[in-house]
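What follows is one structure encoded as structure tokens, with my remarks underneath.
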Amino acid sequence: MKDKNSLFTLINKINPIDKESIKKAQIELDRKMKPKDSLGVLENICKKVAGIYGYPLKKLEKKCHIVVAADNGVIEEGVSSCPIEYTPIVSEAMLNQIACIGIFTKTLGIDLNVVDIGMKNDIKRDYPNLIHKKIRRGTNNFYKEIAMSINESLEAIYTGIDLINEKSKDYDVFSNGEMGIANTTTSSAILYSVTRKNIDDVVGRGGGLSDEGLNKKKRVIVEACERYNTFEMDAVDMLAAVGGFDLACMVGMYIGAALNEKLMLVDGFISSVAALLACSLNKNIQNYLLFTHKSEEPGVNIILEYLKEKTFLNMNMRLGEGTGAVLAYPIIDCAIEMINTMKSPEEVYNLFNK
């Protein structure tokens, strides 16, 4: 039965990472022909991979990127500069490899899936990598009523878990992104609820709001969160009150990655908010996440500070879709190849000092 208690019981089954393998990876890294810790982030990636998959490190060859698409009723309050018709149009462009994430995944040889978890309008054509999981045609306007029911929140979370459960049979590593209108508003509302940080530091312009639109966005979030008292809610109830189907599904995907002991790459602001919420459910989940890309949205700084994480890509990007996360895959590949191939000073000396 997929109720809240069953979810929390499932989350408690998440295993800690393998600390012995991390120690072995550190010993091997220190043995290499380089000054200690001189490869910085690459060495951290090696240890992260070792903790999840064991040592010695195996190549993570089969990569899967999942974009979750959904719309949010709070668009009615004028918090987005984009029309709701964009969601299916841009999602279909992804599937045809002419939107940015479609181009990136094709270029890098990463399998792309788009999940309709709650778009208001449908994609009318069929695609083999379009996954139909629509819960409802967008959420309610959370400024006027809660975004979704508790059961819908749970359904979206379990959909994310089930997706990773199914695809873990075929893939070694995952990343995610999102597409939807007004989802920086829902994400900011969740971040504000979890951290209660200054609203000016939490909320950004999203798709390019004017000053008037930005102020309205802040007011809508503060008033709704105070009205529902989201600050005292657990993750499931918080998502139901002011979240979105895409956020809830991404929370589920992070849970699913940890349950299946697979690495999940975290992208920018929206996926980081979902990661923050997932980590609030079980701190072990964070060990299965790699924070890759720092969004231009200001709230991401709060998340990274809150989780004591750092990103290693900062390219002034704020597109979403997981575009920053997928660019980390070649870096991960190089890190694994380095620890498996690089020689020690003694080995190099014996090879060439003849």
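FYI, nothing fancy with the structure tokens labels: chains A, B, ... in order, residues from 1 per chain, ligands from 1 as they appear.
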Report as JSON lines the residues of region 169-266 of chain A within 10 Å of region 47-58 of chain A, each with its shortest atom pair and distance in Å (one decimal), using only C-alpha atoms, ordered by chain and increasing residue number.
```
{"residue": "A:Asp172", "atom": "CA", "partner": "A:Tyr53", "partner_atom": "CA", "distance": 9.5}
{"residue": "A:Ala258", "atom": "CA", "partner": "A:Ile52", "partner_atom": "CA", "distance": 9.0}
{"residue": "A:Asn260", "atom": "CA", "partner": "A:Ile52", "partner_atom": "CA", "distance": 9.8}
{"residue": "A:Glu261", "atom": "CA", "partner": "A:Ile52", "partner_atom": "CA", "distance": 6.0}
{"residue": "A:Lys262", "atom": "CA", "partner": "A:Ile52", "partner_atom": "CA", "distance": 6.7}
{"residue": "A:Leu263", "atom": "CA", "partner": "A:Ile52", "partner_atom": "CA", "distance": 7.1}
```
I'd like a table as a Markdown table: residues in region 259-324 of chain A with an atom no more than 12 Å from region 230-254 of chain A, each row giving the shortest atom pair and its distance in Å to one decimal, only C-alpha atoms counted, sorted by chain and rising residue number.
```
| residue | atom | partner | partner_atom | distance |
| --- | --- | --- | --- | --- |
| A:Leu259 | CA | A:Tyr254 | CA | 8.7 |
| A:Asn260 | CA | A:Tyr254 | CA | 10.0 |
| A:Glu261 | CA | A:Tyr254 | CA | 10.4 |
| A:Lys262 | CA | A:Tyr254 | CA | 9.5 |
| A:Leu263 | CA | A:Tyr254 | CA | 9.1 |
| A:Met264 | CA | A:Tyr254 | CA | 6.9 |
| A:Leu265 | CA | A:Tyr254 | CA | 9.3 |
| A:Val266 | CA | A:Tyr254 | CA | 9.2 |
| A:Asp267 | CA | A:Met250 | CA | 11.4 |
| A:Phe269 | CA | A:Leu247 | CA | 11.1 |
| A:Ile270 | CA | A:Leu247 | CA | 7.4 |
| A:Ser271 | CA | A:Met250 | CA | 7.0 |
| A:Ser272 | CA | A:Met250 | CA | 9.6 |
| A:Val273 | CA | A:Leu247 | CA | 7.9 |
| A:Ala274 | CA | A:Val251 | CA | 5.1 |
| A:Ala275 | CA | A:Val251 | CA | 6.3 |
| A:Leu276 | CA | A:Val251 | CA | 8.6 |
| A:Leu277 | CA | A:Ala235 | CA | 6.3 |
| A:Ala278 | CA | A:Val251 | CA | 5.3 |
| A:Cys279 | CA | A:Tyr254 | CA | 8.6 |
| A:Ser280 | CA | A:Ala235 | CA | 7.7 |
| A:Leu281 | CA | A:Ala235 | CA | 7.3 |
| A:Asn282 | CA | A:Tyr254 | CA | 10.7 |
| A:Lys283 | CA | A:Tyr254 | CA | 11.7 |
| A:Asn284 | CA | A:Tyr254 | CA | 10.8 |
| A:Ile285 | CA | A:Tyr254 | CA | 7.1 |
| A:Gln286 | CA | A:Tyr254 | CA | 8.7 |
| A:Asn287 | CA | A:Tyr254 | CA | 10.6 |
| A:Tyr288 | CA | A:Tyr254 | CA | 8.1 |
| A:Leu289 | CA | A:Tyr254 | CA | 7.7 |
| A:Leu290 | CA | A:Tyr254 | CA | 10.9 |
| A:Glu321 | CA | A:Asp246 | CA | 11.5 |
| A:Gly322 | CA | A:Met250 | CA | 11.7 |
```
query: Hey, what's within 10 Å of Asn183 (chain A) if we count only C-alpha atoms and toss same-chain stuff fewer than 3 positions away? As a list in words, please?
result: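 The contact residues come out as Ala69, Ala70, Asp71, Asn72, Gly73, Val74, Ile75, Val79, Ser80, Glu178, Met179, Gly180, Thr186, Ser187, Ser188, Ala189, Gly206, Gly207, Gly243, Gly244, Phe245, Asp246, Leu247 and Ile270 of chain A.
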task: Using only C-alpha atoms, pick whichever of A:Asn44, A:Leu10, A:Met94, A:Lys124 has the shortest atom-to-atom distance to Glu309 (chain A).
output: A:Asn44
message: Need the shell around Val326 (chain A): protein/DNA/RNA residues with any atom at most 8 Å away, counting only C-alpha atoms. Skip same-chain ones fewer than 2 positions apart. Format as a list of chain:residue names?
response: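 Near neighbours after the sequence-gap exclusion: A:His65, A:Phe104, A:Thr105, A:Ser175, A:Leu265, A:Gly322, A:Thr323, A:Gly324, A:Ala328, A:Tyr329.
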query: What residues in region 105-243 of chain A get the DSSP label alpha helix (DSSP H)? Please answer as a count of residues only.
result: 65
field: Pairwise distance for CA of Lys310 (chain A) and CA of Ile45 (chain A), rounded to one decimal in Å
entry: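 Interatomic distance here is 12.0 Å.
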field: Tyr158 (chain A) environment, 8 Å, only C-alpha atoms, sequence neighbours closer than 2 positions dropped, as a PyMOL selection string
entry: chain A and resi 2+154-156+160-162+249+252
Go ahead and write the residues just picked, N, CA, C and O atoms, as a PDB file, in the first residue's frame.
```pdb
ATOM      1  N   LYS A   2       0.591   2.192  -0.907  1.00  0.00           N
ATOM      2  CA  LYS A   2       1.440   3.358  -1.072  1.00  0.00           C
ATOM      3  C   LYS A   2       0.927   4.545  -0.261  1.00  0.00           C
ATOM      4  O   LYS A   2       0.466   5.551  -0.793  1.00  0.00           O
ATOM      5  N   LEU A 154       1.920  11.772  -2.838  1.00  0.00           N
ATOM      6  CA  LEU A 154       2.489  10.425  -2.696  1.00  0.00           C
ATOM      7  C   LEU A 154       2.604   9.717  -4.038  1.00  0.00           C
ATOM      8  O   LEU A 154       3.614   9.056  -4.327  1.00  0.00           O
ATOM      9  N   GLU A 155       1.578   9.861  -4.868  1.00  0.00           N
ATOM     10  CA  GLU A 155       1.600   9.210  -6.185  1.00  0.00           C
ATOM     11  C   GLU A 155       2.769   9.716  -7.023  1.00  0.00           C
ATOM     12  O   GLU A 155       3.462   8.938  -7.690  1.00  0.00           O
ATOM     13  N   ALA A 156       3.011  11.029  -6.985  1.00  0.00           N
ATOM     14  CA  ALA A 156       4.126  11.591  -7.746  1.00  0.00           C
ATOM     15  C   ALA A 156       5.473  11.109  -7.205  1.00  0.00           C
ATOM     16  O   ALA A 156       6.385  10.788  -7.984  1.00  0.00           O
ATOM     17  N   GLY A 160       8.332   8.566  -9.180  1.00  0.00           N
ATOM     18  CA  GLY A 160       9.776   8.755  -9.294  1.00  0.00           C
ATOM     19  C   GLY A 160      10.562   7.560  -8.807  1.00  0.00           C
ATOM     20  O   GLY A 160      11.529   7.128  -9.452  1.00  0.00           O
ATOM     21  N   ILE A 161      10.146   7.009  -7.676  1.00  0.00           N
ATOM     22  CA  ILE A 161      10.818   5.811  -7.147  1.00  0.00           C
ATOM     23  C   ILE A 161      10.702   4.655  -8.137  1.00  0.00           C
ATOM     24  O   ILE A 161      11.693   3.978  -8.456  1.00  0.00           O
ATOM     25  N   ASP A 162       9.499   4.443  -8.639  1.00  0.00           N
ATOM     26  CA  ASP A 162       9.256   3.319  -9.554  1.00  0.00           C
ATOM     27  C   ASP A 162      10.039   3.471 -10.858  1.00  0.00           C
ATOM     28  O   ASP A 162      10.524   2.481 -11.424  1.00  0.00           O
ATOM     29  N   CYS A 249       8.012  14.185  -8.037  1.00  0.00           N
ATOM     30  CA  CYS A 249       8.571  13.068  -8.794  1.00  0.00           C
ATOM     31  C   CYS A 249      10.088  13.029  -8.687  1.00  0.00           C
ATOM     32  O   CYS A 249      10.681  11.953  -8.544  1.00  0.00           O
ATOM     33  N   GLY A 252      11.118  11.581  -5.483  1.00  0.00           N
ATOM     34  CA  GLY A 252      11.031  10.131  -5.613  1.00  0.00           C
ATOM     35  C   GLY A 252      12.220   9.538  -6.351  1.00  0.00           C
ATOM     36  O   GLY A 252      12.723   8.466  -5.978  1.00  0.00           O
TER      37      GLY A 252
END
```
task: Rank nothing, just name the residue among A:Ile131, A:Met33, A:Cys46, A:Ala182 nearest to Pro83 (chain A), using only C-alpha atoms.
output: A:Ala182
